[in-house]
Structures are given as C-alpha cells and as structure tokens.
>>> print(open('query28.cif').read())   # mmCIF, C-alpha atoms and all ligand atoms
data_input
loop_
_atom_site.label_atom_id
_atom_site.label_comp_id
_atom_site.auth_asym_id
_atom_site.auth_seq_id
_atom_site.Cartn_x
_atom_site.Cartn_y
_atom_site.Cartn_z
CA THR D 243 -86.59 -11.45 -49.79
CA GLU D 244 -87.54 -10.68 -53.34
CA ARG D 245 -86.06 -7.97 -55.58
CA THR D 246 -86.85 -6.71 -59.06
CA PHE D 247 -85.25 -4.40 -61.59
CA ILE D 248 -87.52 -1.59 -62.74
CA ALA D 249 -86.42 1.01 -65.30
CA VAL D 250 -87.88 4.24 -66.56
CA LYS D 251 -86.88 4.25 -70.23
CA PRO D 252 -85.74 7.43 -72.04
CA ASP D 253 -89.29 8.27 -73.16
CA GLY D 254 -90.51 7.95 -69.56
CA VAL D 255 -87.72 10.24 -68.36
CA GLN D 256 -88.59 12.79 -71.10
CA ARG D 257 -92.23 12.55 -70.11
CA GLY D 258 -91.41 13.38 -66.48
CA LEU D 259 -92.59 10.05 -65.09
CA VAL D 260 -89.69 9.14 -62.79
CA GLY D 261 -91.44 10.49 -59.71
CA GLU D 262 -94.70 8.80 -60.64
CA VAL D 263 -93.03 5.38 -60.82
CA ILE D 264 -91.22 5.85 -57.53
CA SER D 265 -94.42 7.08 -55.96
CA ARG D 266 -96.51 4.08 -57.02
CA PHE D 267 -93.97 1.53 -55.75
CA GLU D 268 -93.44 3.48 -52.52
CA ARG D 269 -97.09 3.85 -51.72
CA ARG D 270 -97.62 0.13 -52.31
CA GLY D 271 -95.13 -0.40 -49.48
CA TYR D 272 -92.12 -1.55 -51.48
CA LYS D 273 -88.59 -0.57 -50.47
CA LEU D 274 -86.22 1.22 -52.84
CA VAL D 275 -82.79 -0.46 -52.54
CA GLY D 276 -81.10 0.75 -55.75
CA LEU D 277 -81.36 3.88 -57.87
CA LYS D 278 -79.26 5.27 -60.72
CA LEU D 279 -79.43 7.51 -63.78
CA LEU D 280 -77.35 6.51 -66.79
CA VAL D 281 -77.07 6.36 -70.55
CA PRO D 282 -76.60 2.61 -71.01
CA SER D 283 -74.11 1.39 -73.61
CA LYS D 284 -75.39 -0.46 -76.66
CA ALA D 285 -73.73 -3.58 -75.29
CA LEU D 286 -75.61 -3.32 -72.00
CA VAL D 287 -78.97 -2.92 -73.74
CA GLU D 288 -78.20 -5.77 -76.17
CA GLN D 289 -77.48 -8.00 -73.18
CA HIS D 290 -80.54 -6.80 -71.28
CA TYR D 291 -82.83 -7.53 -74.24
CA GLY D 292 -80.79 -10.56 -75.42
CA ASP D 293 -83.90 -12.73 -75.76
CA LEU D 294 -85.31 -10.32 -78.38
CA LYS D 295 -82.29 -10.44 -80.67
CA GLY D 296 -83.43 -11.08 -84.26
CA ARG D 297 -86.84 -9.44 -83.78
CA PRO D 298 -87.58 -6.73 -86.38
CA PHE D 299 -87.72 -3.98 -83.75
CA PHE D 300 -84.52 -5.04 -81.94
CA ASN D 301 -82.09 -2.52 -83.46
CA GLY D 302 -84.57 0.32 -83.01
CA LEU D 303 -85.14 -0.71 -79.40
CA VAL D 304 -81.41 -0.81 -78.65
CA ASP D 305 -80.86 2.59 -80.28
CA TYR D 306 -83.77 4.20 -78.44
CA MET D 307 -82.51 2.92 -75.09
CA SER D 308 -78.85 3.82 -75.64
CA ASN D 309 -78.64 6.86 -77.95
CA GLY D 310 -78.34 9.34 -75.09
CA LYS D 311 -81.17 11.66 -76.15
CA ALA D 312 -82.37 11.00 -72.62
CA PRO D 313 -81.01 8.78 -69.86
CA VAL D 314 -82.56 5.71 -68.28
CA VAL D 315 -83.41 5.60 -64.57
CA GLY D 316 -82.77 2.17 -63.10
CA MET D 317 -84.24 1.04 -59.81
CA VAL D 318 -84.18 -2.03 -57.61
CA TRP D 319 -87.29 -2.57 -55.52
CA GLN D 320 -87.61 -5.08 -52.71
CA GLY D 321 -90.60 -6.69 -51.03
CA LYS D 322 -93.15 -9.44 -51.07
CA ASP D 323 -93.98 -10.73 -54.60
CA VAL D 324 -92.43 -7.54 -56.01
CA ILE D 325 -91.50 -9.12 -59.38
CA ARG D 326 -95.06 -10.07 -60.27
CA GLN D 327 -96.65 -7.07 -58.57
CA GLY D 328 -94.17 -4.75 -60.33
CA ARG D 329 -95.26 -6.10 -63.71
CA LYS D 330 -98.88 -5.55 -62.68
CA LEU D 331 -98.17 -1.95 -61.70
CA LEU D 332 -96.58 -1.39 -65.14
CA GLY D 333 -99.34 -3.10 -67.12
CA ALA D 334 -99.20 -5.17 -70.32
CA THR D 335 -96.27 -4.71 -72.74
CA ASN D 336 -98.57 -3.18 -75.34
CA PRO D 337 -100.13 -0.16 -73.64
CA LEU D 338 -103.28 -0.66 -75.71
CA ASP D 339 -103.77 -3.95 -73.83
CA SER D 340 -102.85 -2.53 -70.41
CA GLU D 341 -105.57 -2.28 -67.78
CA PRO D 342 -106.68 1.23 -66.81
CA GLY D 343 -104.87 2.37 -63.69
CA THR D 344 -101.59 0.74 -64.69
CA LEU D 345 -98.69 3.00 -65.56
CA ARG D 346 -98.60 2.06 -69.24
CA ALA D 347 -102.36 2.47 -69.68
CA ASP D 348 -102.25 5.79 -67.89
CA TYR D 349 -99.33 7.26 -69.86
CA CYS D 350 -98.60 5.33 -73.08
CA THR D 351 -100.16 4.24 -76.37
CA ALA D 352 -97.24 2.63 -78.28
CA VAL D 353 -95.49 -0.68 -77.59
CA GLY D 354 -92.26 0.88 -78.85
CA ARG D 355 -92.64 3.79 -76.40
CA ASN D 356 -94.00 2.03 -73.36
CA CYS D 357 -91.85 4.09 -70.96
CA PHE D 358 -91.06 1.40 -68.36
CA HIS D 359 -89.38 -1.95 -67.87
CA GLY D 360 -89.86 -4.59 -65.20
CA SER D 361 -88.14 -7.97 -64.72
CA ASP D 362 -90.43 -10.83 -65.73
CA SER D 363 -89.08 -13.67 -63.54
CA HIS D 364 -86.79 -14.44 -60.60
CA GLU D 365 -84.06 -15.45 -63.04
CA ALA D 366 -84.42 -12.25 -65.08
CA ALA D 367 -84.46 -10.12 -61.92
CA THR D 368 -81.20 -11.63 -60.68
CA THR D 369 -79.50 -11.26 -64.07
CA GLU D 370 -80.77 -7.71 -64.63
CA ILE D 371 -79.85 -6.45 -61.16
CA SER D 372 -76.30 -7.69 -61.57
CA LEU D 373 -76.12 -6.32 -65.13
CA TRP D 374 -77.39 -2.82 -64.29
CA PHE D 375 -76.18 -2.47 -60.69
CA GLY D 376 -73.95 -5.19 -59.30
CA GLU D 377 -74.50 -6.27 -55.69
CA LYS D 378 -72.38 -3.43 -54.26
CA ALA D 379 -74.73 -0.74 -55.62
CA VAL D 380 -77.80 -2.30 -54.02
CA PHE D 381 -78.35 -1.14 -50.48
CA ASP D 382 -80.68 -2.95 -48.10
CA TRP D 383 -81.90 -0.83 -45.21
CA LYS D 384 -84.30 -1.25 -42.33
CA GLN D 385 -87.68 0.17 -43.22
CA ALA D 386 -89.27 1.42 -40.02
CA LEU D 387 -92.77 0.85 -41.40
CA GLU D 388 -92.02 -2.73 -42.41
CA PRO D 389 -93.96 -4.43 -39.60
CA TRP D 390 -96.99 -2.30 -40.49
CA ILE D 391 -96.74 -3.23 -44.19
CA ALA D 392 -95.42 -6.78 -44.37
CA SER D 393 -96.88 -8.66 -41.40
CA ASP D 394 -99.28 -11.49 -42.25
CA ASN D 395 -100.88 -11.74 -38.81
P1 LIG P 1 -89.94 -4.90 -70.76
O1 LIG P 1 -90.44 -4.72 -69.36
O2 LIG P 1 -89.45 -3.63 -71.40
O3 LIG P 1 -88.94 -6.04 -70.88
O4 LIG P 1 -91.22 -5.28 -71.60
P2 LIG P 1 -91.99 -6.67 -71.54
O5 LIG P 1 -91.28 -7.67 -70.71
O6 LIG P 1 -93.40 -6.34 -71.16
O7 LIG P 1 -91.94 -7.12 -73.07
P3 LIG P 1 -90.75 -7.83 -73.86
O8 LIG P 1 -89.64 -8.18 -72.94
O9 LIG P 1 -91.35 -8.87 -74.71
O10 LIG P 1 -90.28 -6.65 -74.82
C1 LIG P 1 -89.28 -5.75 -74.39
C2 LIG P 1 -89.54 -4.39 -74.98
O11 LIG P 1 -89.37 -4.46 -76.39
C3 LIG P 1 -90.94 -3.85 -74.79
O12 LIG P 1 -91.12 -3.21 -73.56
C4 LIG P 1 -91.02 -2.86 -75.93
O13 LIG P 1 -90.36 -1.64 -75.59
C5 LIG P 1 -90.23 -3.54 -77.01
N1 LIG P 1 -91.15 -4.28 -77.89
C6 LIG P 1 -91.73 -5.48 -77.67
N2 LIG P 1 -92.49 -5.83 -78.69
C7 LIG P 1 -92.41 -4.82 -79.59
C8 LIG P 1 -92.98 -4.58 -80.87
O14 LIG P 1 -93.75 -5.37 -81.39
N3 LIG P 1 -92.62 -3.42 -81.49
C9 LIG P 1 -91.77 -2.51 -80.94
N4 LIG P 1 -91.48 -1.40 -81.59
N5 LIG P 1 -91.23 -2.70 -79.74
C10 LIG P 1 -91.55 -3.84 -79.08
MG MG P 2 -89.29 -8.12 -70.89
#
>>> encode(input="query28.cif", output="structure tokens")
Amino acid sequence: TERTFIAVKPDGVQRGLVGEVISRFERRGYKLVGLKLLVPSKALVEQHYGDLKGRPFFNGLVDYMSNGKAPVVGMVWQGKDVIRQGRKLLGATNPLDSEPGTLRADYCTAVGRNCFHGSDSHEAATTEISLWFGEKAVFDWKQALEPWIASDN
C-alpha cells in the first residue's frame, strides 16, 4: 500500500498549522504511520531538494528549512493514492495558483513560504521516507475503521 512523505515546513510550524495538516489527512481517511519533529541538517535538506540545486532560490530554501528558527514536522501518511491526493490537499507549489480549499491557498501567499511539502512521485516518496525516517521509524498499524474507508464494494 502507498505511502507519502508530508512535511510542515518551519513557517507552517510557526503559523500553528501542524494540527490542521494532520486533521485534513486524518479526516480524508489516511493513516498516520510516521511522525517526527526535527531541525534538519543542511545536508539533509540539500539531499531532499537535490533536484533544485543551482536554482537561484536554492541556498535561501536550504537555509530557511535548516536554520533552526523553527523545526520541521515530518509525517508519513499511508493509504490509497495518497501521493497524488496529498499533493492535491496541499495545492499548487505557488500558493497564488493553488485552488481555494487547499492548504496553501487557505494559508499562504508566497512560493518561498508555502508552509508544506509533499512527495511528488512514488520514487520521491520512497527516497524521502528513507531520508527523513528510515524504515524502522515508520510504524504500520491496523486501522479499525479501514474497512469503512477503503472498501471498493
Ligand atoms: P515541495 O512539496 O516543497 O517539494 O514543493 P513542490 O514539489 O510543489 O515544488 P518544487 O519541488 O518544485 O519546489 C520545492 C520548494 O522550493 C517549493 O515548495 C518552494 O518552497 C521552493 N520554491 C520553488 N520554486 C520557488 C521559487 O521560484 N522561489 C522561491 N523562493 N522558492 C521556490
Ligand atoms: Mg517538490
């Protein structure tokens, strides 16, 4: 079954949005299987955003994620189509292009302070979960409501 890495970035933590993110994924029926609060090292953030290296905003992005003015909250969510649905719950990268009702449209106006991260593919999800958590820190559990949420018939 599918998993994705979702993070509340330091601006989202400062803004008090951790509960809101958890709430939206929970009420959709997704299962929380990993959760941690940390100040990521520069090296971790550089790896996480490796594909953006060389972009003009890269150094600023790495500093903002890793400078420790506020921590990051990392989560792993599990469930049907959770990678794609997670991105939809977050909204477009630039909050000014995000649809109303998405987290970024509801809480953000700047692409450089868009409060949240979500894996954008199966490959990214696998890489990011192992980078931020490692398999040992992810805990699958039996969700009692699962048959009421996930059944197709
Ligand atoms: P993430 O979920 O954070 O990975 O965002 P994304 O997948 O929607 O976008 P992408 O991976 O292309 O960019 C990663 C992050 O870099 C964004 O979430 C922004 O925080 C930041 N970013 C992207 N483009 C810009 C930009 O033009 N200016 C600034 N300041 N930051 C940017
Ligand atoms: Mg991305």
>>> residues_near_ligand(input="query28.cif", ligand="ligand LIG 1 (chain P)", cutoff="9 Å", atoms="all atoms listed in the file", output="PyMOL selection string")
chain D and resi 248-249+251+290-291+293-294+297-300+302-303+329+332-336+352-362
>>> closest_residue(input="query28.cif", among="D:Gly258, D:Pro337, D:Gly292, D:Pro282", to="ligand MG 2 (chain P)", atoms="only C-alpha atoms and all ligand atoms")
D:Gly292
>>> closest_residue(input="query28.cif", among="D:Trp319, D:Ser393, D:Ser363, D:Glu377", to="ligand MG 2 (chain P)", atoms="all atoms listed in the file")
D:Ser363
>>> atom_distance(input="query28.cif", atom1="CA of Met307 (chain D)", atom2="CA of Gln289 (chain D)")
12.2 Å
>>> closest_residue(input="query28.cif", among="D:Tyr272, D:Phe247, D:Tyr306, D:Tyr349", to="Glu370 (chain D)", atoms="all atoms listed in the file")
D:Phe247
>>> atom_distance(input="query28.cif", atom1="CA of Thr369 (chain D)", atom2="CA of Val275 (chain D)")
16.1 Å
>>> residues_around(input="query28.cif", residues="Glu388 (chain D)", least_positions_apart="5", cutoff="12 Å", atoms="only C-alpha atoms", output="PyMOL selection string")
chain D and resi 268+270-273+320-322+383+393-394
>>> atom_distance(input="query28.cif", atom1="CA of Thr344 (chain D)", atom2="CA of Leu331 (chain D)")
5.3 Å
>>> closest_residue(input="query28.cif", among="D:Asp305, D:Ala366, D:Arg266, D:Asp253", to="ligand MG 2 (chain P)", atoms="only C-alpha atoms and all ligand atoms")
D:Ala366
>>> closest_residue(input="query28.cif", among="D:Leu338, D:Asn301, D:Leu387, D:Val287", to="ligand MG 2 (chain P)", atoms="only C-alpha atoms and all ligand atoms")
D:Val287
>>> closest_residue(input="query28.cif", among="D:Leu280, D:Ala392, D:Val380, D:Ala367", to="ligand MG 2 (chain P)", atoms="all atoms listed in the file")
D:Ala367
>>> axis_aligned_box(input="query28.cif", around="region 270-285 of chain D", padding_each_side="4 Å", output="lines of an AutoDock Vina configuration file")
center_x = -85.7
center_y = 2.0
center_z = -63.1
size_x = 31.9
size_y = 19.1
size_z = 35.2
>>> residues_around(input="query28.cif", residues="Lys278 (chain D)", least_positions_apart="2", cutoff="10 Å", atoms="all atoms listed in the file", output="tab-separated table (two decimals) with C-alpha atoms, in the frame of the given file")
chain	number	residue	atom	x	y	z
D	249	ALA	CA	-86.42	1.01	-65.30
D	276	GLY	CA	-81.10	0.75	-55.75
D	280	LEU	CA	-77.35	6.51	-66.79
D	313	PRO	CA	-81.01	8.78	-69.86
D	314	VAL	CA	-82.56	5.71	-68.28
D	315	VAL	CA	-83.41	5.60	-64.57
D	316	GLY	CA	-82.77	2.17	-63.10
D	317	MET	CA	-84.24	1.04	-59.81
D	318	VAL	CA	-84.18	-2.03	-57.61
D	374	TRP	CA	-77.39	-2.82	-64.29
D	375	PHE	CA	-76.18	-2.47	-60.69
D	379	ALA	CA	-74.73	-0.74	-55.62
>>> decode(input="query28.cif", residues="region 277-378 of chain D", atoms="C-alpha atoms", output="PDB file, in the first residue's frame")
ATOM      1  CA  LEU D 277       5.689  11.481  12.790  1.00  0.00           C
ATOM      2  CA  LYS D 278       8.695  13.481  13.977  1.00  0.00           C
ATOM      3  CA  LEU D 279       9.808  16.997  14.880  1.00  0.00           C
ATOM      4  CA  LEU D 280      13.356  17.986  13.969  1.00  0.00           C
ATOM      5  CA  VAL D 281      15.694  20.710  12.790  1.00  0.00           C
ATOM      6  CA  PRO D 282      17.068  19.069   9.648  1.00  0.00           C
ATOM      7  CA  SER D 283      20.767  19.454   8.845  1.00  0.00           C
ATOM      8  CA  LYS D 284      21.781  21.460   5.790  1.00  0.00           C
ATOM      9  CA  ALA D 285      22.981  18.207   4.246  1.00  0.00           C
ATOM     10  CA  LEU D 286      19.580  16.560   4.689  1.00  0.00           C
ATOM     11  CA  VAL D 287      17.748  19.487   3.095  1.00  0.00           C
ATOM     12  CA  GLU D 288      20.279  19.674   0.233  1.00  0.00           C
ATOM     13  CA  GLN D 289      19.642  15.997  -0.455  1.00  0.00           C
ATOM     14  CA  HIS D 290      15.881  16.367  -0.119  1.00  0.00           C
ATOM     15  CA  TYR D 291      15.811  19.242  -2.620  1.00  0.00           C
ATOM     16  CA  GLY D 292      18.709  17.859  -4.714  1.00  0.00           C
ATOM     17  CA  ASP D 293      16.808  18.359  -7.977  1.00  0.00           C
ATOM     18  CA  LEU D 294      16.644  22.128  -7.320  1.00  0.00           C
ATOM     19  CA  LYS D 295      20.379  22.600  -6.860  1.00  0.00           C
ATOM     20  CA  GLY D 296      21.568  25.534  -8.990  1.00  0.00           C
ATOM     21  CA  ARG D 297      18.229  27.356  -8.874  1.00  0.00           C
ATOM     22  CA  PRO D 298      18.539  30.976  -7.672  1.00  0.00           C
ATOM     23  CA  PHE D 299      16.423  30.330  -4.573  1.00  0.00           C
ATOM     24  CA  PHE D 300      18.220  27.093  -3.576  1.00  0.00           C
ATOM     25  CA  ASN D 301      20.532  28.490  -0.875  1.00  0.00           C
ATOM     26  CA  GLY D 302      17.716  30.532   0.651  1.00  0.00           C
ATOM     27  CA  LEU D 303      15.462  27.476   0.650  1.00  0.00           C
ATOM     28  CA  VAL D 304      18.082  25.310   2.358  1.00  0.00           C
ATOM     29  CA  ASP D 305      18.760  27.977   4.989  1.00  0.00           C
ATOM     30  CA  TYR D 306      15.070  28.537   5.712  1.00  0.00           C
ATOM     31  CA  MET D 307      14.486  24.803   6.178  1.00  0.00           C
ATOM     32  CA  SER D 308      17.579  24.151   8.309  1.00  0.00           C
ATOM     33  CA  ASN D 309      18.424  27.317  10.284  1.00  0.00           C
ATOM     34  CA  GLY D 310      16.598  26.176  13.406  1.00  0.00           C
ATOM     35  CA  LYS D 311      14.441  29.280  13.881  1.00  0.00           C
ATOM     36  CA  ALA D 312      11.647  26.731  13.903  1.00  0.00           C
ATOM     37  CA  PRO D 313      11.652  22.965  13.424  1.00  0.00           C
ATOM     38  CA  VAL D 314      10.125  20.903  10.646  1.00  0.00           C
ATOM     39  CA  VAL D 315       7.402  18.331  11.338  1.00  0.00           C
ATOM     40  CA  GLY D 316       7.778  15.280   9.126  1.00  0.00           C
ATOM     41  CA  MET D 317       4.993  12.789   8.561  1.00  0.00           C
ATOM     42  CA  VAL D 318       4.428   9.593   6.645  1.00  0.00           C
ATOM     43  CA  TRP D 319       0.858   9.002   5.526  1.00  0.00           C
ATOM     44  CA  GLN D 320      -0.463   5.753   4.113  1.00  0.00           C
ATOM     45  CA  GLY D 321      -3.492   4.907   2.003  1.00  0.00           C
ATOM     46  CA  LYS D 322      -4.997   4.663  -1.426  1.00  0.00           C
ATOM     47  CA  ASP D 323      -3.460   7.117  -3.961  1.00  0.00           C
ATOM     48  CA  VAL D 324      -2.051   9.103  -1.027  1.00  0.00           C
ATOM     49  CA  ILE D 325       0.877  10.562  -3.023  1.00  0.00           C
ATOM     50  CA  ARG D 326      -1.326  12.262  -5.605  1.00  0.00           C
ATOM     51  CA  GLN D 327      -4.137  13.051  -3.177  1.00  0.00           C
ATOM     52  CA  GLY D 328      -1.618  14.506  -0.704  1.00  0.00           C
ATOM     53  CA  ARG D 329      -0.355  16.919  -3.356  1.00  0.00           C
ATOM     54  CA  LYS D 330      -3.966  17.875  -4.079  1.00  0.00           C
ATOM     55  CA  LEU D 331      -4.645  18.559  -0.407  1.00  0.00           C
ATOM     56  CA  LEU D 332      -1.565  20.834  -0.325  1.00  0.00           C
ATOM     57  CA  GLY D 333      -2.360  22.685  -3.554  1.00  0.00           C
ATOM     58  CA  ALA D 334      -0.067  24.107  -6.250  1.00  0.00           C
ATOM     59  CA  THR D 335       3.550  24.983  -5.375  1.00  0.00           C
ATOM     60  CA  ASN D 336       2.835  28.686  -5.830  1.00  0.00           C
ATOM     61  CA  PRO D 337       0.030  29.462  -3.385  1.00  0.00           C
ATOM     62  CA  LEU D 338      -1.276  32.125  -5.769  1.00  0.00           C
ATOM     63  CA  ASP D 339      -2.063  29.289  -8.205  1.00  0.00           C
ATOM     64  CA  SER D 340      -3.496  26.946  -5.552  1.00  0.00           C
ATOM     65  CA  GLU D 341      -7.199  26.158  -5.669  1.00  0.00           C
ATOM     66  CA  PRO D 342      -9.319  27.554  -2.835  1.00  0.00           C
ATOM     67  CA  GLY D 343      -9.809  24.947  -0.136  1.00  0.00           C
ATOM     68  CA  THR D 344      -6.286  23.578  -0.468  1.00  0.00           C
ATOM     69  CA  LEU D 345      -3.899  24.142   2.417  1.00  0.00           C
ATOM     70  CA  ARG D 346      -1.602  26.504   0.510  1.00  0.00           C
ATOM     71  CA  ALA D 347      -4.486  28.590  -0.846  1.00  0.00           C
ATOM     72  CA  ASP D 348      -6.035  28.760   2.590  1.00  0.00           C
ATOM     73  CA  TYR D 349      -2.873  29.782   4.457  1.00  0.00           C
ATOM     74  CA  CYS D 350      -0.122  31.051   2.121  1.00  0.00           C
ATOM     75  CA  THR D 351       0.657  33.709  -0.481  1.00  0.00           C
ATOM     76  CA  ALA D 352       4.390  33.211  -1.220  1.00  0.00           C
ATOM     77  CA  VAL D 353       6.076  30.356  -3.101  1.00  0.00           C
ATOM     78  CA  GLY D 354       9.083  30.745  -0.807  1.00  0.00           C
ATOM     79  CA  ARG D 355       6.850  30.413   2.273  1.00  0.00           C
ATOM     80  CA  ASN D 356       4.402  27.775   1.137  1.00  0.00           C
ATOM     81  CA  CYS D 357       4.410  26.025   4.537  1.00  0.00           C
ATOM     82  CA  PHE D 358       4.145  22.395   3.373  1.00  0.00           C
ATOM     83  CA  HIS D 359       5.891  19.708   1.370  1.00  0.00           C
ATOM     84  CA  GLY D 360       4.535  16.572  -0.263  1.00  0.00           C
ATOM     85  CA  SER D 361       6.324  13.861  -2.278  1.00  0.00           C
ATOM     86  CA  ASP D 362       5.592  14.213  -5.993  1.00  0.00           C
ATOM     87  CA  SER D 363       6.032  10.594  -7.184  1.00  0.00           C
ATOM     88  CA  HIS D 364       6.412   7.005  -5.966  1.00  0.00           C
ATOM     89  CA  GLU D 365      10.167   7.276  -6.443  1.00  0.00           C
ATOM     90  CA  ALA D 366      10.377  10.546  -4.485  1.00  0.00           C
ATOM     91  CA  ALA D 367       8.177   9.152  -1.711  1.00  0.00           C
ATOM     92  CA  THR D 368      10.425   6.111  -1.250  1.00  0.00           C
ATOM     93  CA  THR D 369      13.599   8.213  -1.269  1.00  0.00           C
ATOM     94  CA  GLU D 370      12.194  10.880   1.056  1.00  0.00           C
ATOM     95  CA  ILE D 371      10.768   8.423   3.589  1.00  0.00           C
ATOM     96  CA  SER D 372      14.113   6.679   3.888  1.00  0.00           C
ATOM     97  CA  LEU D 373      15.951  10.015   4.035  1.00  0.00           C
ATOM     98  CA  TRP D 374      13.779  11.576   6.752  1.00  0.00           C
ATOM     99  CA  PHE D 375      12.692   8.461   8.664  1.00  0.00           C
ATOM    100  CA  GLY D 376      14.257   5.158   7.704  1.00  0.00           C
ATOM    101  CA  GLU D 377      12.029   2.075   7.667  1.00  0.00           C
ATOM    102  CA  LYS D 378      12.388   1.461  11.424  1.00  0.00           C
TER     103      LYS D 378
END
